[in-house]
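The file query_17.cif comes next; it holds mmCIF, C-alpha atoms.
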```
data_work
loop_
_atom_site.label_atom_id
_atom_site.label_comp_id
_atom_site.auth_asym_id
_atom_site.auth_seq_id
_atom_site.Cartn_x
_atom_site.Cartn_y
_atom_site.Cartn_z
CA MET Y 1 -21.39 22.25 -12.17
CA ARG Y 2 -18.86 21.06 -9.59
CA ALA Y 3 -17.49 24.58 -9.21
CA MET Y 4 -21.00 25.90 -8.55
CA PHE Y 5 -21.68 23.14 -6.01
CA GLU Y 6 -18.46 23.94 -4.17
CA VAL Y 7 -19.22 27.65 -4.04
CA LEU Y 8 -22.76 27.01 -2.80
CA VAL Y 9 -21.48 24.77 0.01
CA LEU Y 10 -18.87 27.35 1.04
CA SER Y 11 -21.50 30.09 0.90
CA VAL Y 12 -23.75 28.21 3.32
CA LEU Y 13 -20.76 27.59 5.59
CA GLN Y 14 -19.95 31.30 5.54
CA GLY Y 15 -23.53 32.34 6.23
CA ILE Y 16 -23.78 30.01 9.21
CA ALA Y 17 -20.32 30.52 10.68
CA GLU Y 18 -19.91 34.29 10.22
CA PHE Y 19 -22.40 35.12 12.94
CA LEU Y 20 -22.47 31.98 15.01
CA PRO Y 21 -19.20 32.13 16.98
CA ILE Y 22 -17.49 29.19 15.28
CA SER Y 23 -15.18 31.06 12.84
CA SER Y 24 -16.33 31.54 9.26
CA SER Y 25 -12.76 31.85 7.93
CA GLY Y 26 -11.76 28.65 9.72
CA HIS Y 27 -14.71 26.73 8.30
CA LEU Y 28 -13.97 28.09 4.83
CA VAL Y 29 -10.40 26.77 5.09
CA LEU Y 30 -11.74 23.38 6.19
CA GLY Y 31 -14.32 23.52 3.42
CA HIS Y 32 -11.61 24.17 0.85
CA SER Y 33 -9.63 21.23 2.19
CA LEU Y 34 -12.57 18.79 2.35
CA LEU Y 35 -13.82 19.74 -1.11
CA GLY Y 36 -10.35 19.53 -2.60
CA LEU Y 37 -10.38 23.12 -3.76
CA GLY Y 38 -6.77 23.73 -2.85
CA GLU Y 39 -5.57 27.32 -3.14
CA VAL Y 40 -8.42 29.47 -4.46
CA GLY Y 41 -7.00 32.77 -3.27
CA MET Y 42 -8.75 35.35 -1.13
CA ARG Y 43 -11.32 36.52 -3.69
CA LEU Y 44 -14.08 34.05 -2.80
CA ASP Y 45 -13.50 34.52 0.93
CA VAL Y 46 -13.80 38.29 0.55
CA PHE Y 47 -17.00 38.08 -1.48
CA LEU Y 48 -18.62 35.71 0.98
CA HIS Y 49 -17.75 38.09 3.82
CA VAL Y 50 -19.28 40.94 1.81
CA GLY Y 51 -22.44 38.85 1.48
CA THR Y 52 -22.75 38.47 5.24
CA LEU Y 53 -21.97 42.17 5.66
CA VAL Y 54 -25.04 42.89 3.53
CA ALA Y 55 -27.01 40.69 5.96
CA VAL Y 56 -25.78 42.88 8.84
CA PHE Y 57 -26.97 46.07 7.16
CA VAL Y 58 -30.37 44.55 6.35
CA PHE Y 59 -30.82 43.08 9.84
CA TYR Y 60 -29.82 46.34 11.54
CA ARG Y 61 -31.34 48.59 8.88
CA GLU Y 62 -33.26 50.68 11.42
CA MET Y 63 -30.12 51.28 13.49
CA VAL Y 64 -28.05 52.04 10.38
CA GLY Y 65 -30.76 54.42 9.17
CA ARG Y 66 -30.87 56.27 12.51
CA LEU Y 67 -27.08 56.47 12.56
CA ALA Y 68 -26.86 57.84 9.01
CA LYS Y 69 -29.62 60.36 9.70
CA GLY Y 70 -28.12 61.38 13.03
CA LEU Y 71 -24.73 62.20 11.51
CA PHE Y 72 -26.33 65.09 9.61
CA ASP Y 73 -29.18 65.99 11.96
CA LEU Y 74 -28.81 69.75 12.21
CA SER Y 75 -32.02 70.06 14.22
CA SER Y 76 -30.68 68.10 17.20
CA PRO Y 77 -27.07 68.65 18.34
CA GLU Y 78 -27.51 65.87 20.90
CA ASN Y 79 -28.52 63.28 18.29
CA ARG Y 80 -25.73 64.42 15.97
CA ALA Y 81 -23.12 64.20 18.73
CA GLU Y 82 -24.31 60.72 19.74
CA ALA Y 83 -24.26 59.51 16.13
CA TRP Y 84 -20.74 60.83 15.51
CA SER Y 85 -19.56 59.31 18.78
CA TYR Y 86 -20.89 55.89 17.71
CA ALA Y 87 -19.37 56.22 14.24
CA LEU Y 88 -15.98 57.18 15.69
CA LYS Y 89 -16.10 54.14 17.96
CA ILE Y 90 -16.61 51.95 14.89
CA VAL Y 91 -13.63 53.61 13.20
CA LEU Y 92 -11.51 53.19 16.33
CA SER Y 93 -12.41 49.51 16.56
CA ALA Y 94 -11.12 48.95 13.01
CA VAL Y 95 -7.63 50.33 13.71
CA PRO Y 96 -6.11 47.24 15.42
CA ALA Y 97 -7.23 44.88 12.62
CA GLY Y 98 -5.91 47.29 9.99
CA VAL Y 99 -2.51 47.59 11.64
CA VAL Y 100 -2.15 43.85 12.29
CA GLY Y 101 -3.35 42.98 8.80
CA LEU Y 102 -0.78 45.25 7.15
CA LEU Y 103 2.12 44.11 9.34
CA PHE Y 104 1.44 40.37 9.24
CA LYS Y 105 -0.35 39.90 5.90
CA ASP Y 106 1.97 37.13 4.68
CA SER Y 107 1.69 35.15 7.92
CA PHE Y 108 -2.10 35.29 7.83
CA GLU Y 109 -2.20 34.16 4.20
CA ALA Y 110 -0.03 31.17 5.13
CA ALA Y 111 -2.43 30.32 7.97
CA PHE Y 112 -5.32 30.27 5.49
CA ALA Y 113 -3.62 27.33 3.77
CA SER Y 114 -3.15 25.27 6.95
CA PRO Y 115 -6.05 23.15 8.29
CA ARG Y 116 -3.92 22.18 11.31
CA ALA Y 117 -3.47 25.84 12.22
CA VAL Y 118 -7.24 26.19 12.01
CA GLY Y 119 -7.65 23.24 14.35
CA GLY Y 120 -5.47 24.84 17.02
CA ALA Y 121 -7.27 28.17 16.64
CA LEU Y 122 -10.66 26.48 17.03
CA LEU Y 123 -9.50 25.01 20.35
CA PHE Y 124 -8.59 28.53 21.48
CA THR Y 125 -12.00 29.83 20.38
CA GLY Y 126 -13.68 27.00 22.25
CA ALA Y 127 -11.88 27.93 25.46
CA VAL Y 128 -12.88 31.60 25.17
CA LEU Y 129 -16.52 30.84 24.42
CA THR Y 130 -16.83 28.32 27.24
CA ALA Y 131 -15.40 30.86 29.67
CA THR Y 132 -18.23 33.29 28.87
CA ARG Y 133 -20.56 30.98 30.82
CA PHE Y 134 -19.09 32.39 34.02
CA LEU Y 135 -19.38 36.07 33.08
CA PRO Y 136 -22.11 38.13 34.76
CA LYS Y 137 -24.86 39.81 32.76
CA GLY Y 138 -23.82 43.27 31.59
CA THR Y 139 -25.75 46.52 31.40
CA ALA Y 140 -23.09 48.96 30.15
CA ARG Y 141 -22.92 50.77 26.81
CA VAL Y 142 -20.01 50.56 24.36
CA SER Y 143 -17.50 53.22 25.41
CA PHE Y 144 -14.40 54.22 23.42
CA LEU Y 145 -12.23 51.99 25.62
CA ARG Y 146 -14.59 49.04 25.19
CA ALA Y 147 -14.71 49.67 21.44
CA LEU Y 148 -10.90 49.53 21.33
CA LEU Y 149 -10.91 46.31 23.36
CA MET Y 150 -13.37 44.76 20.92
CA GLY Y 151 -11.16 46.01 18.09
CA VAL Y 152 -8.14 44.21 19.53
CA ALA Y 153 -10.25 41.03 19.74
CA GLN Y 154 -11.24 41.52 16.11
CA ALA Y 155 -7.57 41.83 15.15
CA VAL Y 156 -6.76 38.50 16.82
CA ALA Y 157 -9.67 36.95 14.93
CA ILE Y 158 -7.99 37.61 11.58
CA LEU Y 159 -6.47 34.17 12.13
CA PRO Y 160 -8.71 31.49 10.56
CA GLY Y 161 -10.27 29.37 13.27
CA VAL Y 162 -10.51 32.27 15.71
CA SER Y 163 -14.11 33.49 15.69
CA ARG Y 164 -14.52 37.22 15.11
CA SER Y 165 -18.00 37.34 16.59
CA GLY Y 166 -16.97 35.02 19.41
CA LEU Y 167 -13.96 37.06 20.49
CA THR Y 168 -15.54 40.48 20.09
CA LEU Y 169 -18.67 39.44 21.99
CA ALA Y 170 -16.57 37.76 24.69
CA ALA Y 171 -14.54 40.97 25.06
CA ALA Y 172 -17.77 42.97 25.34
CA ARG Y 173 -19.24 40.55 27.86
CA ALA Y 174 -16.02 40.65 29.93
CA SER Y 175 -16.28 44.45 30.06
CA ARG Y 176 -19.96 44.26 31.17
CA VAL Y 177 -21.57 45.51 27.93
CA ASP Y 178 -25.28 44.75 27.49
CA ALA Y 179 -25.69 41.65 25.27
CA GLU Y 180 -27.87 43.26 22.58
CA LYS Y 181 -25.73 46.41 22.41
CA ALA Y 182 -22.62 44.21 22.20
CA ALA Y 183 -24.05 42.21 19.30
CA GLU Y 184 -25.15 45.33 17.45
CA PHE Y 185 -21.72 46.96 17.74
CA SER Y 186 -19.85 43.72 17.07
CA PHE Y 187 -21.45 43.27 13.67
CA LEU Y 188 -21.47 46.92 12.63
CA MET Y 189 -17.77 47.18 13.49
CA SER Y 190 -17.07 44.43 10.97
CA ALA Y 191 -18.02 46.78 8.13
CA PRO Y 192 -14.73 48.74 7.77
CA PRO Y 193 -12.32 45.75 7.65
CA ILE Y 194 -14.58 43.72 5.34
CA ALA Y 195 -15.16 46.68 3.03
CA GLY Y 196 -11.42 47.41 3.03
CA ALA Y 197 -10.53 43.83 2.13
CA ALA Y 198 -13.12 43.83 -0.66
CA LEU Y 199 -11.78 47.11 -2.04
CA LEU Y 200 -8.22 45.79 -2.09
CA GLU Y 201 -9.37 42.66 -3.93
CA ILE Y 202 -11.25 44.71 -6.53
CA LEU Y 203 -8.30 47.08 -7.04
CA ALA Y 204 -5.96 44.12 -7.43
CA ALA Y 205 -8.26 42.61 -10.04
CA LEU Y 206 -8.50 45.87 -11.97
CA LYS Y 207 -4.71 46.07 -12.09
CA GLY Y 208 -4.50 42.54 -13.41
CA ALA Y 209 -4.72 40.80 -10.04
CA ALA Y 210 -2.43 38.05 -10.91
CA GLY Y 211 0.70 39.99 -11.59
CA ALA Y 212 3.67 38.36 -13.18
CA GLY Y 213 4.03 34.79 -12.01
CA ALA Y 214 0.90 34.81 -9.82
CA ALA Y 215 -1.60 32.00 -10.08
CA ALA Y 216 -4.99 32.92 -11.49
CA PRO Y 217 -7.89 32.57 -9.07
CA GLU Y 218 -9.92 29.38 -9.58
CA VAL Y 219 -13.27 30.99 -8.68
CA GLY Y 220 -14.74 33.42 -11.21
CA TRP Y 221 -16.46 36.71 -10.48
CA GLY Y 222 -19.93 35.41 -11.38
CA LEU Y 223 -19.76 32.53 -8.92
CA CYS Y 224 -18.36 34.87 -6.28
CA VAL Y 225 -21.40 37.14 -6.64
CA LEU Y 226 -23.76 34.14 -6.48
CA GLY Y 227 -21.99 32.91 -3.34
CA ALA Y 228 -22.22 36.35 -1.74
CA GLY Y 229 -25.99 36.43 -2.28
CA LEU Y 230 -26.52 33.01 -0.71
CA ALA Y 231 -24.21 33.87 2.19
CA ALA Y 232 -26.29 37.00 2.83
CA VAL Y 233 -29.56 35.04 3.08
CA VAL Y 234 -28.14 32.29 5.31
CA GLY Y 235 -26.26 34.89 7.35
CA TYR Y 236 -29.44 36.82 8.13
CA VAL Y 237 -30.99 33.68 9.65
CA SER Y 238 -27.79 32.89 11.58
CA LEU Y 239 -27.71 36.39 13.03
CA ALA Y 240 -31.22 35.92 14.40
CA VAL Y 241 -30.13 32.64 16.00
CA LEU Y 242 -27.10 34.26 17.60
CA LEU Y 243 -29.20 36.99 19.20
CA LYS Y 244 -31.49 34.32 20.65
CA SER Y 245 -28.43 32.56 22.12
CA LEU Y 246 -27.30 35.79 23.80
CA LYS Y 247 -30.75 36.48 25.25
CA GLY Y 248 -31.18 32.86 26.31
CA ARG Y 249 -27.77 32.72 28.01
CA TRP Y 250 -26.65 29.66 25.98
CA PHE Y 251 -24.05 31.51 23.90
CA TRP Y 252 -21.28 29.58 25.68
CA LEU Y 253 -22.52 26.26 24.24
CA PHE Y 254 -20.78 27.08 20.96
CA GLY Y 255 -17.53 26.51 22.88
CA PRO Y 256 -17.83 22.70 23.10
CA TYR Y 257 -18.59 22.60 19.37
CA CYS Y 258 -15.37 24.50 18.62
CA PHE Y 259 -13.44 22.13 20.90
CA LEU Y 260 -14.83 19.15 18.99
CA ALA Y 261 -14.23 20.70 15.57
CA GLY Y 262 -10.68 21.67 16.53
CA ALA Y 263 -9.85 18.24 17.92
CA LEU Y 264 -11.21 16.44 14.85
CA THR Y 265 -9.31 18.80 12.56
CA LEU Y 266 -6.03 18.16 14.36
CA ALA Y 267 -6.68 14.43 14.36
CA PHE Y 268 -7.50 14.06 10.67
CA ALA Y 269 -5.97 17.08 8.90
#
```

Exercise: express the given structure as C-alpha coordinates:
Amino acid sequence: MRAMFEVLVLSVLQGIAEFLPISSSGHLVLGHSLLGLGEVGMRLDVFLHVGTLVAVFVFYREMVGRLAKGLFDLSSPENRAEAWSYALKIVLSAVPAGVVGLLFKDSFEAAFASPRAVGGALLFTGAVLTATRFLPKGTARVSFLRALLMGVAQAVAILPGVSRSGLTLAAARASRVDAEKAAEFSFLMSAPPIAGAALLEILAALKGAAGAGAAAPEVGWGLCVLGAGLAAVVGYVSLAVLLKSLKGRWFWLFGPYCFLAGALTLAFA
(Lines of atoms letter the chains of each structure in order from A and count residues from 1; the text may use other names and numbers.)
(Lines give C-alpha, C1' and ligand atoms only; values in the text may rest on other atoms or scores of the structure.)
Protein backbone atom coordinates (compact mmCIF):
# COMPACT_ATOMS: atom_id res chain seq x y z
CA MET A 1 0.00 0.00 0.00
CA ARG A 2 2.84 2.41 0.80
CA ALA A 3 4.36 1.87 -2.63
CA MET A 4 1.03 2.71 -4.27
CA PHE A 5 0.63 5.83 -2.12
CA GLU A 6 4.11 7.01 -3.07
CA VAL A 7 3.51 6.48 -6.77
CA LEU A 8 0.17 8.28 -6.61
CA VAL A 9 1.77 11.30 -4.90
CA LEU A 10 4.59 11.41 -7.46
CA SER A 11 2.05 11.07 -10.28
CA VAL A 12 0.11 14.10 -9.07
CA LEU A 13 3.39 16.03 -8.72
CA GLN A 14 4.31 15.10 -12.29
CA GLY A 15 0.90 16.05 -13.67
CA ILE A 16 1.01 19.44 -11.99
CA ALA A 17 4.66 20.30 -12.57
CA GLU A 18 5.12 19.02 -16.15
CA PHE A 19 3.08 21.82 -17.66
CA LEU A 20 3.21 24.48 -15.00
CA PRO A 21 6.74 25.92 -15.33
CA ILE A 22 8.08 24.64 -12.01
CA SER A 23 10.07 21.59 -13.22
CA SER A 24 8.43 18.17 -13.04
CA SER A 25 11.78 16.34 -12.85
CA GLY A 26 12.92 18.59 -10.02
CA HIS A 27 9.73 18.01 -8.04
CA LEU A 28 10.01 14.27 -8.64
CA VAL A 29 13.53 14.31 -7.18
CA LEU A 30 12.25 16.25 -4.16
CA GLY A 31 9.30 13.89 -3.91
CA HIS A 32 11.63 10.89 -3.87
CA SER A 33 13.68 12.53 -1.13
CA LEU A 34 10.72 13.59 1.04
CA LEU A 35 9.01 10.21 0.72
CA GLY A 36 12.22 8.34 1.44
CA LEU A 37 12.14 6.47 -1.84
CA GLY A 38 15.86 6.74 -2.39
CA GLU A 39 17.12 5.57 -5.77
CA VAL A 40 14.19 4.23 -7.79
CA GLY A 41 15.87 4.50 -11.17
CA MET A 42 14.54 6.29 -14.23
CA ARG A 43 11.66 3.91 -15.02
CA LEU A 44 8.99 5.66 -12.96
CA ASP A 45 10.12 9.10 -14.11
CA VAL A 46 9.90 8.00 -17.75
CA PHE A 47 6.42 6.51 -17.34
CA LEU A 48 5.11 9.60 -15.61
CA HIS A 49 6.46 11.74 -18.45
CA VAL A 50 4.74 9.41 -20.94
CA GLY A 51 1.50 9.96 -19.03
CA THR A 52 1.73 13.71 -19.42
CA LEU A 53 2.69 13.26 -23.07
CA VAL A 54 -0.64 11.47 -23.54
CA ALA A 55 -2.30 14.54 -21.99
CA VAL A 56 -0.59 16.71 -24.64
CA PHE A 57 -1.91 14.59 -27.50
CA VAL A 58 -5.43 14.58 -26.06
CA PHE A 59 -5.42 18.33 -25.35
CA TYR A 60 -4.08 19.16 -28.81
CA ARG A 61 -5.89 16.32 -30.57
CA GLU A 62 -7.35 18.62 -33.25
CA MET A 63 -3.92 20.07 -34.05
CA VAL A 64 -2.31 16.62 -34.04
CA GLY A 65 -5.08 15.33 -36.30
CA ARG A 66 -4.64 18.20 -38.79
CA LEU A 67 -0.88 17.69 -38.75
CA ALA A 68 -1.14 13.94 -39.37
CA LYS A 69 -3.68 14.47 -42.15
CA GLY A 70 -1.67 17.28 -43.71
CA LEU A 71 1.48 15.17 -44.00
CA PHE A 72 -0.28 12.95 -46.54
CA ASP A 73 -2.73 15.43 -48.07
CA LEU A 74 -2.19 14.86 -51.78
CA SER A 75 -5.07 17.18 -52.68
CA SER A 76 -3.37 20.28 -51.27
CA PRO A 77 0.38 20.78 -51.81
CA GLU A 78 0.22 23.90 -49.63
CA ASN A 79 -1.24 22.03 -46.64
CA ARG A 80 1.22 19.18 -47.12
CA ALA A 81 4.19 21.54 -47.29
CA GLU A 82 3.04 23.40 -44.17
CA ALA A 83 2.53 20.14 -42.26
CA TRP A 84 5.96 18.79 -43.21
CA SER A 85 7.55 22.11 -42.29
CA TYR A 86 5.97 21.96 -38.83
CA ALA A 87 6.98 18.32 -38.35
CA LEU A 88 10.58 19.07 -39.37
CA LYS A 89 10.68 21.92 -36.86
CA ILE A 90 9.66 19.46 -34.14
CA VAL A 91 12.42 17.07 -35.24
CA LEU A 92 14.95 19.91 -35.32
CA SER A 93 13.98 21.01 -31.82
CA ALA A 94 14.71 17.51 -30.49
CA VAL A 95 18.31 17.43 -31.76
CA PRO A 96 19.96 19.52 -28.98
CA ALA A 97 18.37 17.44 -26.19
CA GLY A 98 19.36 14.22 -27.94
CA VAL A 99 22.98 15.29 -28.35
CA VAL A 100 23.31 16.64 -24.80
CA GLY A 101 21.59 13.60 -23.32
CA LEU A 102 23.96 11.19 -25.05
CA LEU A 103 27.11 13.15 -24.19
CA PHE A 104 26.29 13.92 -20.57
CA LYS A 105 24.02 11.02 -19.55
CA ASP A 106 26.04 10.09 -16.45
CA SER A 107 26.17 13.68 -15.18
CA PHE A 108 22.42 14.08 -15.53
CA GLU A 109 21.75 10.80 -13.71
CA ALA A 110 23.94 12.04 -10.83
CA ALA A 111 21.95 15.29 -10.72
CA PHE A 112 18.73 13.28 -10.36
CA ALA A 113 20.06 11.99 -7.04
CA SER A 114 20.92 15.44 -5.62
CA PRO A 115 18.18 17.57 -4.00
CA ARG A 116 20.68 20.40 -3.52
CA ALA A 117 21.39 20.47 -7.25
CA VAL A 118 17.64 20.71 -7.79
CA GLY A 119 17.47 23.64 -5.39
CA GLY A 120 20.08 25.59 -7.36
CA ALA A 121 18.35 24.79 -10.65
CA LEU A 122 15.00 25.97 -9.28
CA LEU A 123 16.58 29.33 -8.43
CA PHE A 124 17.76 29.58 -12.05
CA THR A 125 14.28 28.71 -13.32
CA GLY A 126 12.79 31.33 -11.02
CA ALA A 127 15.07 34.01 -12.46
CA VAL A 128 14.17 33.10 -16.05
CA LEU A 129 10.43 33.03 -15.39
CA THR A 130 10.44 36.32 -13.50
CA ALA A 131 12.30 37.96 -16.38
CA THR A 132 9.47 37.07 -18.78
CA ARG A 133 7.37 39.75 -17.05
CA PHE A 134 9.33 42.36 -18.98
CA LEU A 135 9.04 40.73 -22.41
CA PRO A 136 6.65 42.31 -24.93
CA LYS A 137 3.70 40.40 -26.34
CA GLY A 138 4.67 38.41 -29.43
CA THR A 139 2.84 37.82 -32.69
CA ALA A 140 5.38 35.74 -34.66
CA ARG A 141 5.11 32.11 -35.75
CA VAL A 142 7.63 29.38 -34.87
CA SER A 143 10.36 29.51 -37.53
CA PHE A 144 13.17 26.96 -37.92
CA LEU A 145 15.56 29.26 -36.04
CA ARG A 146 13.06 29.77 -33.22
CA ALA A 147 12.42 26.02 -33.10
CA LEU A 148 16.16 25.42 -32.70
CA LEU A 149 16.34 28.06 -29.95
CA MET A 150 13.50 26.34 -28.10
CA GLY A 151 15.31 23.04 -28.63
CA VAL A 152 18.45 24.40 -26.96
CA ALA A 153 16.29 25.55 -24.03
CA GLN A 154 14.80 22.06 -23.85
CA ALA A 155 18.29 20.57 -23.73
CA VAL A 156 19.23 22.76 -20.76
CA ALA A 157 16.03 21.64 -19.04
CA ILE A 158 17.22 18.03 -18.92
CA LEU A 159 18.69 19.07 -15.57
CA PRO A 160 16.16 18.41 -12.77
CA GLY A 161 14.93 21.68 -11.34
CA VAL A 162 15.15 23.48 -14.68
CA SER A 163 11.63 23.69 -16.08
CA ARG A 164 11.27 22.42 -19.65
CA SER A 165 8.04 24.30 -20.28
CA GLY A 166 9.39 27.37 -18.50
CA LEU A 167 12.60 27.60 -20.53
CA THR A 168 11.09 26.72 -23.89
CA LEU A 169 8.24 29.20 -23.45
CA ALA A 170 10.65 31.87 -22.21
CA ALA A 171 12.82 31.29 -25.30
CA ALA A 172 9.73 31.59 -27.51
CA ARG A 173 8.57 34.74 -25.74
CA ALA A 174 12.05 36.28 -26.05
CA SER A 175 11.94 35.66 -29.81
CA ARG A 176 8.46 37.27 -30.07
CA VAL A 177 6.44 34.10 -30.74
CA ASP A 178 2.68 34.33 -30.15
CA ALA A 179 1.85 32.87 -26.70
CA GLU A 180 -0.64 30.23 -27.87
CA LYS A 181 1.55 29.13 -30.79
CA ALA A 182 4.53 28.95 -28.41
CA ALA A 183 2.62 26.75 -25.95
CA GLU A 184 1.37 24.46 -28.71
CA PHE A 185 4.85 23.95 -30.15
CA SER A 186 6.50 23.70 -26.73
CA PHE A 187 4.41 20.73 -25.72
CA LEU A 188 4.35 18.97 -29.08
CA MET A 189 8.15 19.24 -29.27
CA SER A 190 8.38 17.28 -26.03
CA ALA A 191 7.11 14.16 -27.82
CA PRO A 192 10.38 12.97 -29.46
CA PRO A 193 12.64 13.14 -26.37
CA ILE A 194 10.00 11.62 -24.06
CA ALA A 195 9.19 8.86 -26.54
CA GLY A 196 12.91 8.20 -27.02
CA ALA A 197 13.54 7.94 -23.28
CA ALA A 198 10.57 5.59 -22.88
CA LEU A 199 11.81 3.39 -25.74
CA LEU A 200 15.28 3.14 -24.21
CA GLU A 201 13.76 2.15 -20.86
CA ILE A 202 11.60 -0.54 -22.46
CA LEU A 203 14.51 -1.91 -24.49
CA ALA A 204 16.68 -2.00 -21.37
CA ALA A 205 13.98 -3.91 -19.52
CA LEU A 206 13.56 -6.42 -22.34
CA LYS A 207 17.30 -7.09 -22.28
CA GLY A 208 17.19 -7.67 -18.55
CA ALA A 209 17.41 -4.02 -17.53
CA ALA A 210 19.46 -4.60 -14.52
CA GLY A 211 22.51 -6.09 -16.09
CA ALA A 212 25.17 -7.70 -13.99
CA GLY A 213 25.57 -5.88 -10.71
CA ALA A 214 22.80 -3.33 -11.37
CA ALA A 215 20.19 -2.67 -8.71
CA ALA A 216 16.67 -3.76 -9.55
CA PRO A 217 14.14 -0.95 -9.87
CA GLU A 218 11.95 -0.52 -6.78
CA VAL A 219 8.83 0.48 -8.74
CA GLY A 220 7.09 -2.27 -10.70
CA TRP A 221 5.60 -2.01 -14.17
CA GLY A 222 2.00 -2.14 -12.94
CA LEU A 223 2.42 0.81 -10.60
CA CYS A 224 4.27 2.70 -13.33
CA VAL A 225 1.29 2.29 -15.67
CA LEU A 226 -1.12 3.39 -12.92
CA GLY A 227 1.04 6.44 -12.23
CA ALA A 228 1.17 7.32 -15.92
CA GLY A 229 -2.63 7.29 -16.13
CA LEU A 230 -3.05 9.59 -13.13
CA ALA A 231 -0.31 11.91 -14.40
CA ALA A 232 -2.17 12.16 -17.72
CA VAL A 233 -5.43 13.25 -16.06
CA VAL A 234 -3.79 15.79 -13.73
CA GLY A 235 -1.55 16.98 -16.56
CA TYR A 236 -4.52 17.76 -18.80
CA VAL A 237 -5.93 20.10 -16.13
CA SER A 238 -2.52 21.70 -15.54
CA LEU A 239 -2.11 22.37 -19.25
CA ALA A 240 -5.39 24.27 -19.28
CA VAL A 241 -4.19 26.35 -16.32
CA LEU A 242 -0.91 27.15 -18.04
CA LEU A 243 -2.66 28.43 -21.15
CA LYS A 244 -4.80 30.70 -18.97
CA SER A 245 -1.62 32.06 -17.36
CA LEU A 246 -0.16 32.88 -20.78
CA LYS A 247 -3.33 34.60 -21.96
CA GLY A 248 -3.72 36.44 -18.66
CA ARG A 249 -0.11 37.65 -18.64
CA TRP A 250 0.60 36.16 -15.18
CA PHE A 251 2.93 33.41 -16.41
CA TRP A 252 5.86 35.16 -14.70
CA LEU A 253 4.32 34.62 -11.24
CA PHE A 254 5.59 31.03 -11.29
CA GLY A 255 9.06 32.56 -10.91
CA PRO A 256 8.67 33.61 -7.25
CA TYR A 257 7.37 30.11 -6.45
CA CYS A 258 10.51 28.56 -7.96
CA PHE A 259 12.67 31.00 -5.98
CA LEU A 260 10.91 29.95 -2.76
CA ALA A 261 11.07 26.23 -3.57
CA GLY A 262 14.75 26.48 -4.49
CA ALA A 263 15.66 28.42 -1.36
CA LEU A 264 13.80 26.00 0.94
CA THR A 265 15.43 23.04 -0.80
CA LEU A 266 18.91 24.47 -0.33
CA ALA A 267 18.15 25.32 3.28
CA PHE A 268 16.78 21.94 4.32
CA ALA A 269 18.13 19.39 1.82

All residues 7 Å or closer to Y:Val234, only C-alpha atoms, same chain fewer than 6 positions away omitted, as a PyMOL selection string: chain Y and resi 12+15-16

Of the residues Y:Leu203, Y:Arg249, Y:Leu242, Y:Leu92, which is the one nearest to Y:Leu135, using all atoms listed in the file? Y:Arg249

Selected by the PyMOL selection byres ((chain Y and resi 97-102) around 9) in the shown coordinates: which residues, as number ranges by chain? Y: 93-96, 103-106, 108, 151-158, 193, 196

Skip Y:Cys258 itself and residues of its chain fewer than 5 positions away, then list as a list in words all residues within 7 Å of it, counting all atoms listed in the file.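 The residues that qualify are Ile22, Leu122, Leu123, Thr125 and Gly126 of chain Y.
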
Close residues, Y:Gly120 itself excluded, 8 Å, all atoms listed in the file, min 2 positions apart in chain, as a list in words: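 Neighbouring residues, sequence-local ones excluded: Arg116, Ala117, Val118, Leu122, Leu123, Phe124, Gly161, Gly262, Ala263 and Leu266 of chain Y.
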
Take the PyMOL selection byres ((chain Y and resi 19) around 10), apply it to the structure above, and return the hits as a PyMOL selection string. chain Y and resi 14-18+20-24+52+56+163-166+183+186-187+234-243

Is it possible to get the residues within 8 Å of (-14.9, 33.6, -1.0) (coordinates as in the file, counting all atoms listed in the file) written as a ChimeraX atom specification? /Y:7,10-11,42-49,224,227-228

Output as AutoDock Vina command-line options the centre and edge lengths (Å, one decimal) of the box along x, y and z of the file that holds every listed atom of stretch 185-196 of chain Y after adding 3 Å on each side.
```
--center_x -16.6 --center_y 46.0 --center_z 10.4 --size_x 16.3 --size_y 11.5 --size_z 20.7
```

Just the number, please: distance in Å from atom CA of Y:Thr132 to atom CA of Y:Gly255, one decimal.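 So the answer is 9.1 Å.
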
How many Å lie between atom CA of Y:Phe72 and atom CA of Y:Trp84, rounded to one decimal? 9.2 Å

Given the file shown, enumerate the residues that the PyMOL selection byres ((chain Y and resi 268) around 12) captures and present them as a list in words.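 Against this file, the PyMOL selection byres ((chain Y and resi 268) around 12) returns the residues Leu30, Ser33, Leu34, Pro115, Arg116, Gly119, Ala261, Gly262, Ala263, Leu264, Thr265, Leu266, Ala267 and Ala269 of chain Y.
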
Determine, counting only C-alpha atoms, which protein, DNA and RNA residues have an atom within 12 Å of an atom of Y:Ser175; residues of the same chain fewer than 5 positions away are not included. Present the result as an mmCIF file with C-alpha atoms, keeping the file's coordinate frame.
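The result, stored in out.cif:
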```
data_model
loop_
_atom_site.group_PDB
_atom_site.id
_atom_site.type_symbol
_atom_site.label_atom_id
_atom_site.label_comp_id
_atom_site.auth_asym_id
_atom_site.auth_seq_id
_atom_site.Cartn_x
_atom_site.Cartn_y
_atom_site.Cartn_z
ATOM 1 C CA THR Y 132 -18.230 33.290 28.870
ATOM 2 C CA LEU Y 135 -19.380 36.070 33.080
ATOM 3 C CA PRO Y 136 -22.110 38.130 34.760
ATOM 4 C CA LYS Y 137 -24.860 39.810 32.760
ATOM 5 C CA GLY Y 138 -23.820 43.270 31.590
ATOM 6 C CA THR Y 139 -25.750 46.520 31.400
ATOM 7 C CA ALA Y 140 -23.090 48.960 30.150
ATOM 8 C CA ARG Y 141 -22.920 50.770 26.810
ATOM 9 C CA VAL Y 142 -20.010 50.560 24.360
ATOM 10 C CA SER Y 143 -17.500 53.220 25.410
ATOM 11 C CA PHE Y 144 -14.400 54.220 23.420
ATOM 12 C CA LEU Y 145 -12.230 51.990 25.620
ATOM 13 C CA ARG Y 146 -14.590 49.040 25.190
ATOM 14 C CA ALA Y 147 -14.710 49.670 21.440
ATOM 15 C CA LEU Y 148 -10.900 49.530 21.330
ATOM 16 C CA LEU Y 149 -10.910 46.310 23.360
ATOM 17 C CA MET Y 150 -13.370 44.760 20.920
ATOM 18 C CA THR Y 168 -15.540 40.480 20.090
ATOM 19 C CA LEU Y 169 -18.670 39.440 21.990
ATOM 20 C CA ALA Y 170 -16.570 37.760 24.690
ATOM 21 C CA ALA Y 182 -22.620 44.210 22.200
#
```

d(atom CA of Y:Leu71, atom CA of Y:Leu200) in Å: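 Interatomic distance, atom CA of Y:Leu71 to atom CA of Y:Leu200: 27.0 Å.
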
Find the residues near Y:Glu184: any atom within 9 Å, counting all atoms listed in the file, skip ones fewer than 3 places away on the same chain, and give them as a count of residues only. 9

Which residue out of Y:Gly65, Y:Arg133, Y:Glu6, Y:Phe254 has the minimum interatomic distance to Y:Ala174 when only C-alpha atoms are used?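 The answer is Y:Arg133, which sits nearest to Y:Ala174.
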
Name the closest residue to Y:Phe259 among the candidates Y:Thr130, Y:Ser85, Y:Ser75, Y:Ser245; distances are taken between atoms, counting only C-alpha atoms.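 The closest residue to Y:Phe259 is Y:Thr130.
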
Using all atoms listed in the file for the distances, tell me which of Y:Leu159, Y:Ala3, Y:Leu129, Y:Ala87 is nearest to Y:Trp250. Y:Leu129
